[in-house]
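Everything on this sheet refers to the single structure shown next.
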Amino acid sequence: MSILDRFRPPHRPGLRYSDEARHWATTHFPESHSQIAAVAAGILCEQTGAPLSKLCASTRFIQDIGFYDYFDTVDYSKAVQQEFQLVIPDCDLAKIHCISDLVKYLHERIAERAT
């Protein structure tokens, strides 16, 4: 991957808000987590070009999606943090390895913020 590839437009802009993403999330996560899962998976597909149909809750970011390096991980985490308007400390990011880890983490953080 060249440095210019980092500035490419999203593969499928708006996927995170689509019916396709919502349907995917409801088949892989409980209802209480499905909205968060749809957005998190949609962002992942927008950035990487990975097909949503190939993802599952246990999909790992590095081994299964093929994030190439630290910058791919940072790009994704920044997009998620911006979308959900929260900061994920580096120590917490180090514990997040797959989609279900991220969705659970986001659900807990959002619930904390609501109380």
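By order of appearance in the structure tokens: chains A, B, ..., then residues from 1 within every chain, and ligands from 1 in the order shown.
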Would you list the contacts of segment 75-82 of chain A as a CSV table (one decimal) with N, CA and C atoms, in the first residue's frame, taking every protein, DNA or RNA residue within 12 Å and counting only C-alpha atoms, but skipping same-chain residues closer than 3 positions in sequence?
chain,number,residue,atom,x,y,z
A,6,ARG,N,-3.8,6.0,1.5
A,6,ARG,CA,-4.3,6.5,2.8
A,6,ARG,C,-5.4,7.6,2.6
A,7,PHE,N,-5.3,8.2,1.5
A,7,PHE,CA,-6.2,9.3,1.2
A,7,PHE,C,-7.4,9.0,0.3
A,10,PRO,N,-13.9,6.6,1.0
A,10,PRO,CA,-14.5,5.4,1.5
A,10,PRO,C,-15.0,4.5,0.4
A,16,ARG,N,-22.6,2.6,7.0
A,16,ARG,CA,-22.9,2.4,8.5
A,16,ARG,C,-24.3,2.8,8.8
A,36,ILE,N,-25.1,-0.1,17.6
A,36,ILE,CA,-23.7,0.2,17.7
A,36,ILE,C,-22.9,-0.7,16.7
A,37,ALA,N,-23.3,-2.0,16.7
A,37,ALA,CA,-22.6,-3.0,15.8
A,37,ALA,C,-22.8,-2.6,14.3
A,38,ALA,N,-23.9,-2.1,13.9
A,38,ALA,CA,-24.2,-1.7,12.6
A,38,ALA,C,-23.2,-0.6,12.2
A,39,VAL,N,-23.1,0.4,13.0
A,39,VAL,CA,-22.2,1.5,12.7
A,39,VAL,C,-20.8,1.1,12.7
A,40,ALA,N,-20.3,0.4,13.8
A,40,ALA,CA,-18.9,-0.1,13.8
A,40,ALA,C,-18.5,-0.9,12.6
A,41,ALA,N,-19.4,-1.9,12.3
A,41,ALA,CA,-19.1,-2.7,11.1
A,41,ALA,C,-19.1,-1.9,9.8
A,42,GLY,N,-20.1,-1.0,9.7
A,42,GLY,CA,-20.2,-0.2,8.5
A,42,GLY,C,-19.0,0.7,8.3
A,43,ILE,N,-18.5,1.3,9.4
A,43,ILE,CA,-17.2,2.1,9.3
A,43,ILE,C,-16.1,1.2,8.8
A,44,LEU,N,-16.0,0.0,9.4
A,44,LEU,CA,-14.9,-0.9,9.0
A,44,LEU,C,-15.0,-1.3,7.5
A,45,CYS,N,-16.2,-1.6,7.0
A,45,CYS,CA,-16.3,-1.9,5.6
A,45,CYS,C,-16.1,-0.7,4.7
A,46,GLU,N,-16.5,0.5,5.2
A,46,GLU,CA,-16.3,1.7,4.4
A,46,GLU,C,-14.8,2.0,4.2
A,47,GLN,N,-14.0,1.7,5.3
A,47,GLN,CA,-12.6,2.0,5.2
A,47,GLN,C,-11.7,0.9,4.5
A,48,THR,N,-12.1,-0.3,4.7
A,48,THR,CA,-11.3,-1.4,4.2
A,48,THR,C,-11.8,-2.0,2.9
A,61,PHE,N,-9.6,-7.8,13.7
A,61,PHE,CA,-9.2,-6.7,12.9
A,61,PHE,C,-7.9,-7.0,12.1
A,62,ILE,N,-6.9,-7.5,12.8
A,62,ILE,CA,-5.6,-7.7,12.1
A,62,ILE,C,-5.6,-9.0,11.3
A,65,ILE,N,-9.3,-9.1,8.9
A,65,ILE,CA,-9.5,-8.0,8.0
A,65,ILE,C,-8.3,-7.6,7.3
A,67,PHE,N,-5.8,-5.5,8.6
A,67,PHE,CA,-5.2,-4.1,8.8
A,67,PHE,C,-3.7,-4.3,8.6
A,68,TYR,N,-3.1,-3.4,7.8
A,68,TYR,CA,-1.7,-3.6,7.4
A,68,TYR,C,-0.7,-3.2,8.5
A,69,ASP,N,-1.1,-2.1,9.2
A,69,ASP,CA,-0.1,-1.6,10.2
A,69,ASP,C,-0.9,-0.7,11.2
A,70,TYR,N,-0.1,-0.1,12.1
A,70,TYR,CA,-0.6,0.7,13.1
A,70,TYR,C,-1.5,1.8,12.6
A,71,PHE,N,-1.2,2.4,11.5
A,71,PHE,CA,-2.0,3.5,10.9
A,71,PHE,C,-3.4,3.1,10.5
A,72,ASP,N,-3.6,1.9,10.0
A,72,ASP,CA,-4.9,1.4,9.7
A,72,ASP,C,-5.7,1.3,11.0
A,85,GLN,N,-18.5,10.0,19.5
A,85,GLN,CA,-18.1,11.1,20.3
A,85,GLN,C,-17.6,10.7,21.7
A,86,LEU,N,-16.6,9.9,21.6
A,86,LEU,CA,-15.9,9.5,22.8
A,86,LEU,C,-14.4,9.2,22.5
A,87,VAL,N,-13.6,9.1,23.6
A,87,VAL,CA,-12.2,8.9,23.4
A,87,VAL,C,-11.9,7.5,24.0
A,88,ILE,N,-11.2,6.7,23.2
A,88,ILE,CA,-10.9,5.3,23.7
A,88,ILE,C,-9.4,5.4,24.0
A,89,PRO,N,-9.0,5.3,25.3
A,89,PRO,CA,-7.6,5.4,25.7
A,89,PRO,C,-6.8,4.2,25.0
A,90,ASP,N,-5.5,4.5,24.8
A,90,ASP,CA,-4.7,3.4,24.2
A,90,ASP,C,-4.7,2.1,24.9
A,92,ASP,N,-7.1,0.8,26.5
A,92,ASP,CA,-8.3,0.1,26.2
A,92,ASP,C,-8.3,-0.4,24.7
A,93,LEU,N,-7.7,0.4,23.8
A,93,LEU,CA,-7.6,-0.1,22.4
A,93,LEU,C,-6.8,-1.3,22.3
A,94,ALA,N,-5.8,-1.5,23.1
A,94,ALA,CA,-4.9,-2.6,23.1
A,94,ALA,C,-5.7,-3.9,23.4
A,96,ILE,N,-8.9,-4.5,22.5
A,96,ILE,CA,-9.9,-4.7,21.5
A,96,ILE,C,-9.3,-5.3,20.3
A,97,HIS,N,-9.7,-6.6,20.0
A,97,HIS,CA,-9.1,-7.4,18.9
A,97,HIS,C,-10.1,-7.7,17.9
A,99,ILE,N,-14.6,-7.4,16.4
A,99,ILE,CA,-15.7,-6.6,16.3
A,99,ILE,C,-16.6,-6.7,17.6
A,102,LEU,N,-15.1,-4.6,20.4
A,102,LEU,CA,-15.4,-3.2,20.2
A,102,LEU,C,-16.8,-2.8,20.5
A,103,VAL,N,-17.8,-3.6,20.0
A,103,VAL,CA,-19.2,-3.3,20.3
A,103,VAL,C,-19.5,-3.4,21.8
A,105,TYR,N,-17.4,-2.9,24.3
A,105,TYR,CA,-16.7,-1.7,24.9
A,105,TYR,C,-17.6,-0.5,24.6
A,106,LEU,N,-18.0,-0.2,23.4
A,106,LEU,CA,-18.8,1.0,23.1
A,106,LEU,C,-20.1,1.0,23.8
A,109,ARG,N,-19.4,2.0,27.4
A,109,ARG,CA,-19.1,3.4,27.5
A,109,ARG,C,-20.3,4.3,27.3
A,110,ILE,N,-21.1,4.0,26.3
A,110,ILE,CA,-22.3,4.8,26.0
A,110,ILE,C,-23.3,4.7,27.2
**Request:** Give the helix (DSSP H, G or I) residues of chain A, as DSSP finds them on the backbone, and put them as a VMD selection string.
**Result:** chain A and resid 3 to 7 15 to 17 19 to 28 31 to 48 52 to 54 61 to 65 70 to 84 90 to 93 99 to 114
**Item:** Computed interatomic separation between atom CA of His28 of chain A and atom CA of Glu112 of chain A (Å)
**Value:** 23.3 Å
**Request:** Using atom CA of Leu52 of chain A and atom CA of Ser34 of chain A as the two end points, give the distance in Å to one decimal.
**Result:**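 Separation between atom CA of Leu52 of chain A and atom CA of Ser34 of chain A: 14.2 Å.
Of the residues listed (A:Cys98, A:Ser18, A:Phe84, A:Trp24), A:Cys98 shows the shortest atom-to-atom separation from Gly66 of chain A; distances use only C-alpha atoms.
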**Interatomic distance (Å, one decimal) between atom CA of His33 of chain A and atom CA of Cys56 of chain A** = 13.8 Å
**Item:** Counting only C-alpha atoms, the residue of A:Gly49, A:Glu83, A:Gln63, A:Ser100 that sits nearest Pro13 of chain A
**Value:**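 Once distances to Pro13 of chain A are computed over only C-alpha atoms, the minimum belongs to A:Gly49.
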